[in-house]
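Contents: one structure, followed by commentary.
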Amino acid sequence: MDAFLIILTGSLVAICAALLGSFLVLRKMSMVGDAISHAVLPGLVVAYLVSGSRASLPMLVGAALVGMLTTFLIELFHKKFKLQSDASIGVTFTFLFALGVIMVSAFTGKIDLDQDCVLHGEIAYVPLDILVTGTVLDHLPYTVWVLLAATIIVVGFVYIGFKGLKITTFDETYAASLGISTAFWHYALMSMVSLTTVVSFEAVGAILVVAFFIIPAASAYLLTDQLKKMLFLACGFGVLSAVLGYYLAATINGSIAGSMATVAGCLFVITFLFSPKQGLLKRKKPLSTKA
Amino acid sequence: MDWDIVIDFLLLRDPNVRYVVLGSVLIGASAALTGCFLFLRKRALVGDAIAHAVLPGICLAFLVFKTKNPAILLAGAILTGWLSLLFIDWITNKSRIKTDTAIGLTLSWFFGIGIMLLTAIQKTGNASQTGLDKFIFGKAASMVDQDVFVFGGLSIVVILVIFLFFKPLKLISFDRDFASSIGLPVGRYDFLLSTLTVLAVATGIQAVGVVLMAALLITPAAAARFWTDKLKRMLLLAATFGAFSGIVGAFISYTTPRMPTGPWIVIVISVIAIFSFLFGAKKGLVVRQVRQQKMQRKILRENILKLFYKLAEEDGQLYEQRGVDQLTNRRFFIPSQLKTGLQQLLKENLLEKADLDYRFTEKGVEEGKRITRLHRLWEMYLTQYLKIAPDHVHDDAEAIEHIITPEIEAELVHQLEMPELDPHDSTIPYGEKLPNKIKD
């Protein structure tokens, strides 16, 4: 039962993340996703302070807002201040994360975040530990409930918004000519990314959720040219990583989320080597997609 | 605030403070210096990937050698830091995966492996592992003399190497093709630069931790870039910013209870950066806007003079007085802007007031001729050299006439052999003084 619940949790995170991550990868925004997952920390702290609990609704609102704020700051630095985009991402997320760590230190005792762990620079660490020692089992059904709700929201978002997401991902000009707002889908996607980060926070940690966002989507990207297939494949890779990761963790007695990320990476390397179209070993001619 | 503590800090009475300040300054400066090169090569986020990727190396080094000796753990960190760089290059070169995805993928995979190993080590119950996470996640405030010796020493090495190899590093950052064409071993210097970055990261996480390490690399460089176009000055500024925020961070955490050093270092450097984005002397928002406004005023001024000259050409009356209506009938001006533009021209003695109207001064005629000449010369150039149809050249000339320098003007006259007519058969007006011909 424990194994089942943990694998289920991991799989739900994997599905949410893989669906959104596919769009991040295609939009060349993987690092924006990474930045958001770090930057939600101050949002979480404020939500704790305002609501005084781990109640999910204020957390989700806080996270969505900070997700948008992060995106907005990155754009502001890049477009208005003419800072090159990679530096703009780096400056934004480290600034917000540092702010979050300081807030955690300043409000120690008022919020349910471990100060020591944040001080050491890694918020993901404590929930991971709990997951392994088993104490999280008491909360697991709760986490599973939250994750189920999130999965329904994310799947619904991608299903309903599929056309808008697809067009704005591949051809912004065409989207604009159809009257589809690029900015709307951009910010909608980013708030979904922050939502997923927050609900996955307790299960896999803010940083390792990035592994679930990017790695399965990147593997799927090597296997197909069709968006729908890529989404399904990414989910498949994510769930497979969750299942295998659990057993790897059980074998070496290490962090489950860490192991899931490790497996996801190994699956990527295998795909990278053996993919029929893009694989390193199968390919004879140079890639047509690269000039 | 307790002033004794502040004074204690400022006088560096407490030996702990001395270590922390010295360590933060050296680490901040060396990270900022390597960060400048990463920044210029648009590889800023690679630094973030390296910072996360040192984690598995440290764990492996501990697993293999069963020691917490900083030098050995550092060796492990450098090894996997290097591997992550190779991995990023490998997948971007050999597949259609883009750089950003490659960085994110590498970062989270290596970090996942690191977390997995770290938890596995902690589960073994080996007492000697305690504090391993501290080493990894960094805690500037608890640096002791031994740490400062190792990390400070390495930082000094990084700074010295950058100083010694400044020229070639500069070349490969700005113009790789040129660097290799003059026989510079580009690959070897790439390797050197990567090694320096890995070193700076591996030592820097001691101060601020894995996640915030990216800030030590990127943010000072980004801030410095807004103040100067010169690499030497940029390096100097970035290092100063990095070192300064190190000191302030240490100061805040020493004087305020429970405040972490690393995040404060990052906050300070971020505030410096945002200030620079706004007020930086070279690229800051304010400077750019002032520059833009100046340019707009110049364009307006020149457009008015050009129009005066055009009207004079048409009726043959150079010094005829002309009203605002006559001007706005021929060309669109925003009324308020036209008014300030005319005022400006009066002040510069290019136009003079005649009743309610305006007319050219002698100086104004020369200026009007000059702008008209530049416009027509450029139209000639486009039709003759770029073979653009005469009815397509006007808009381009409208834009470029305001930025042609006397040198370019002379070169245009020289190349076009001082044409008399423009593509629309209007006379190109030359001034009293012919432009100096460029020496052959």
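In the structure tokens, chains take the letters A, B, ... in the order shown, each chain's residues start at 1, and ligands count up from 1 in the order shown.
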
Proximity check chain A to chain B, 7 Å, nearest pairs one decimal Å, only C-alpha atoms, as a tab-separated table:
residue	atom	partner	partner_atom	distance
A:Val25	CA	B:Thr101	CA	6.0
A:Lys28	CA	B:Asp100	CA	6.3
A:Met29	CA	B:Asp100	CA	7.0
A:Ser30	CA	B:Thr101	CA	5.3
A:Met31	CA	B:Asp100	CA	5.9
A:Asp34	CA	B:Gly104	CA	7.0
A:Phe81	CA	B:Phe277	CA	5.9
A:Asp86	CA	B:Ala44	CA	6.0
A:Ala87	CA	B:Ala44	CA	5.7
A:Gly90	CA	B:Leu45	CA	6.5
A:Val91	CA	B:Thr219	CA	5.6
A:Thr94	CA	B:Leu212	CA	5.5
A:Phe95	CA	B:Ile267	CA	6.0
A:Ala98	CA	B:Pro263	CA	4.5
A:Leu99	CA	B:Ile267	CA	7.0
A:Val101	CA	B:Pro263	CA	6.6
A:Ile102	CA	B:Pro263	CA	6.5
A:Ser105	CA	B:Met259	CA	6.3
A:Leu119	CA	B:Pro260	CA	6.4
A:His120	CA	B:Phe137	CA	4.7
A:Gly121	CA	B:Gly209	CA	5.1
A:Leu208	CA	B:Ser108	CA	6.2
A:Val210	CA	B:Ser108	CA	6.2
A:Ala211	CA	B:Ser108	CA	4.8
A:Ile214	CA	B:Leu105	CA	5.8
A:Ile215	CA	B:Leu105	CA	5.4
A:Ile252	CA	B:Ala120	CA	6.6
A:Asn253	CA	B:Ala120	CA	5.5
A:Gly254	CA	B:Ala120	CA	4.1
A:Ser255	CA	B:Met116	CA	4.7
A:Gly258	CA	B:Gly112	CA	4.1
A:Ser259	CA	B:Met116	CA	5.6
A:Ala261	CA	B:Gly112	CA	5.1
A:Thr262	CA	B:Ile113	CA	5.3
A:Gly265	CA	B:Trp109	CA	5.4
A:Gln278	CA	B:Ser95	CA	6.6
A:Leu280	CA	B:Lys94	CA	6.8

task: Determine, counting only C-alpha atoms, which protein, DNA and RNA residues have an atom within 10 Å of an atom of region 36-41 of chain A; residues of the same chain fewer than 4 positions away are not included. Present the result as JSON, numbers by chain.
output: {"A": [31, 32, 45, 46, 47, 59, 62, 63, 64, 65, 66, 67, 68, 69, 70, 71, 89, 92, 93, 94, 95, 96, 97, 98, 99, 100, 101, 103, 104, 118, 122, 123, 124, 190, 191, 193, 194, 195, 196, 197, 198, 201, 205, 206, 207, 208, 209, 210], "B": [211, 212]}

query: At what distance in Å, to one decimal, does CA of Ala238 (chain B) lie from CA of Ala224 (chain B)?
result: 5.3 Å

- prompt: DSSP on the backbone: what in region 300-421 of chain B comes out helix (DSSP H, G or I), as a PyMOL selection string?
  reply: chain B and resi 300-315+324-330+335-347+362-385+390-392+394-400+406-415

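Picture a line from CA of Lys363 (chain B) to CA of Leu350 (chain B); it runs 5.5 Å.
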
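What separates CA of Ala242 (chain A) from CA of Leu85 (chain B) is a distance of 26.4 Å.
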
Considering only C-alpha atoms, return as a compact mmCIF listing (two decimals) with N, CA and C atoms, in the first residue's frame whatever protein or nucleic-acid residues lie within 12 Å of Val324 (chain B), sequence-local ones (same chain, fewer than 6 positions apart) excluded.
# COMPACT_ATOMS: atom_id res chain seq x y z
N ILE B 304 12.48 70.08 -39.41
CA ILE B 304 11.94 71.42 -39.64
C ILE B 304 12.83 72.19 -40.62
N LEU B 307 12.46 71.03 -44.10
CA LEU B 307 11.21 71.50 -44.70
C LEU B 307 11.33 72.96 -45.14
N PHE B 308 11.96 73.78 -44.30
CA PHE B 308 12.21 75.17 -44.68
C PHE B 308 12.97 75.24 -46.00
N ARG B 330 2.53 70.81 -45.12
CA ARG B 330 3.43 70.00 -45.92
C ARG B 330 3.92 68.73 -45.24
N ARG B 331 3.93 68.77 -43.92
CA ARG B 331 4.48 67.62 -43.22
C ARG B 331 3.78 67.50 -41.89
N PHE B 332 3.57 66.23 -41.44
CA PHE B 332 2.88 66.07 -40.17
C PHE B 332 3.81 66.36 -39.00
N PHE B 333 3.41 67.32 -38.16
CA PHE B 333 4.13 67.56 -36.90
C PHE B 333 3.11 67.52 -35.78
N ILE B 334 3.49 67.01 -34.61
CA ILE B 334 2.63 67.17 -33.45
C ILE B 334 2.77 68.64 -33.03
N PRO B 335 1.64 69.42 -32.95
CA PRO B 335 1.72 70.88 -32.77
C PRO B 335 2.62 71.30 -31.60
N SER B 336 2.48 70.63 -30.45
CA SER B 336 3.28 71.05 -29.29
C SER B 336 4.77 70.82 -29.55
N GLN B 337 5.08 69.71 -30.23
CA GLN B 337 6.48 69.42 -30.52
C GLN B 337 7.05 70.42 -31.53
N LEU B 338 6.22 70.75 -32.52
CA LEU B 338 6.68 71.71 -33.52
C LEU B 338 7.03 73.03 -32.86
N LYS B 339 6.20 73.42 -31.89
CA LYS B 339 6.42 74.68 -31.19
C LYS B 339 7.76 74.68 -30.46
N GLY B 341 10.25 72.76 -31.05
CA GLY B 341 11.30 72.64 -32.05
C GLY B 341 11.67 74.01 -32.63
N LEU B 342 10.64 74.80 -32.94
CA LEU B 342 10.88 76.14 -33.49
C LEU B 342 11.59 77.03 -32.47
N LYS B 353 12.65 85.19 -35.93
CA LYS B 353 11.23 85.50 -35.88
C LYS B 353 10.95 86.66 -36.84
N LEU B 356 4.71 87.04 -36.84
CA LEU B 356 4.32 85.81 -36.16
C LEU B 356 4.96 84.59 -36.80
N ASP B 357 5.68 84.84 -37.91
CA ASP B 357 6.24 83.72 -38.67
C ASP B 357 7.73 83.54 -38.39
N TYR B 358 8.29 82.61 -39.13
CA TYR B 358 9.71 82.30 -38.94
C TYR B 358 10.41 82.37 -40.28
N ARG B 359 11.69 82.72 -40.27
CA ARG B 359 12.44 82.59 -41.51
C ARG B 359 13.89 82.20 -41.22

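Of the residues listed (B:Gly249, B:Arg301, B:Gln317, B:Arg13), B:Arg301 shows the shortest atom-to-atom separation from Leu345 (chain B); distances use only C-alpha atoms.
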
- request: Please identify all polymer residues within 6 Å of region 153-156 of chain B, counting only C-alpha atoms, omitting same-chain residues fewer than 4 positions from it, and present them as a ChimeraX atom specification.
  value: /B:26-27,30,149

task: Considering only C-alpha atoms, return as a PyMOL selection string whatever protein or nucleic-acid residues lie within 10 Å of Met295 (chain B), sequence-local ones (same chain, fewer than 6 positions apart) excluded.
output: chain B and resi 289+301+402-403

All strand (DSSP E) positions in region 134-354 of chain B, as a CSV table (one decimal) with N, CA and C atoms, in the first residue's frame:
chain,number,residue,atom,x,y,z
B,351,LEU,N,16.9,80.0,-37.1
B,351,LEU,CA,15.8,80.6,-37.6
B,351,LEU,C,15.6,82.0,-36.9
B,352,GLU,N,14.9,82.9,-37.5
B,352,GLU,CA,14.6,84.1,-36.8
B,352,GLU,C,13.1,84.4,-36.9
B,353,LYS,N,12.7,85.2,-35.9
B,353,LYS,CA,11.2,85.5,-35.9
B,353,LYS,C,10.9,86.7,-36.8
B,354,ALA,N,9.9,86.5,-37.6
B,354,ALA,CA,9.4,87.6,-38.5
B,354,ALA,C,8.0,87.8,-38.3
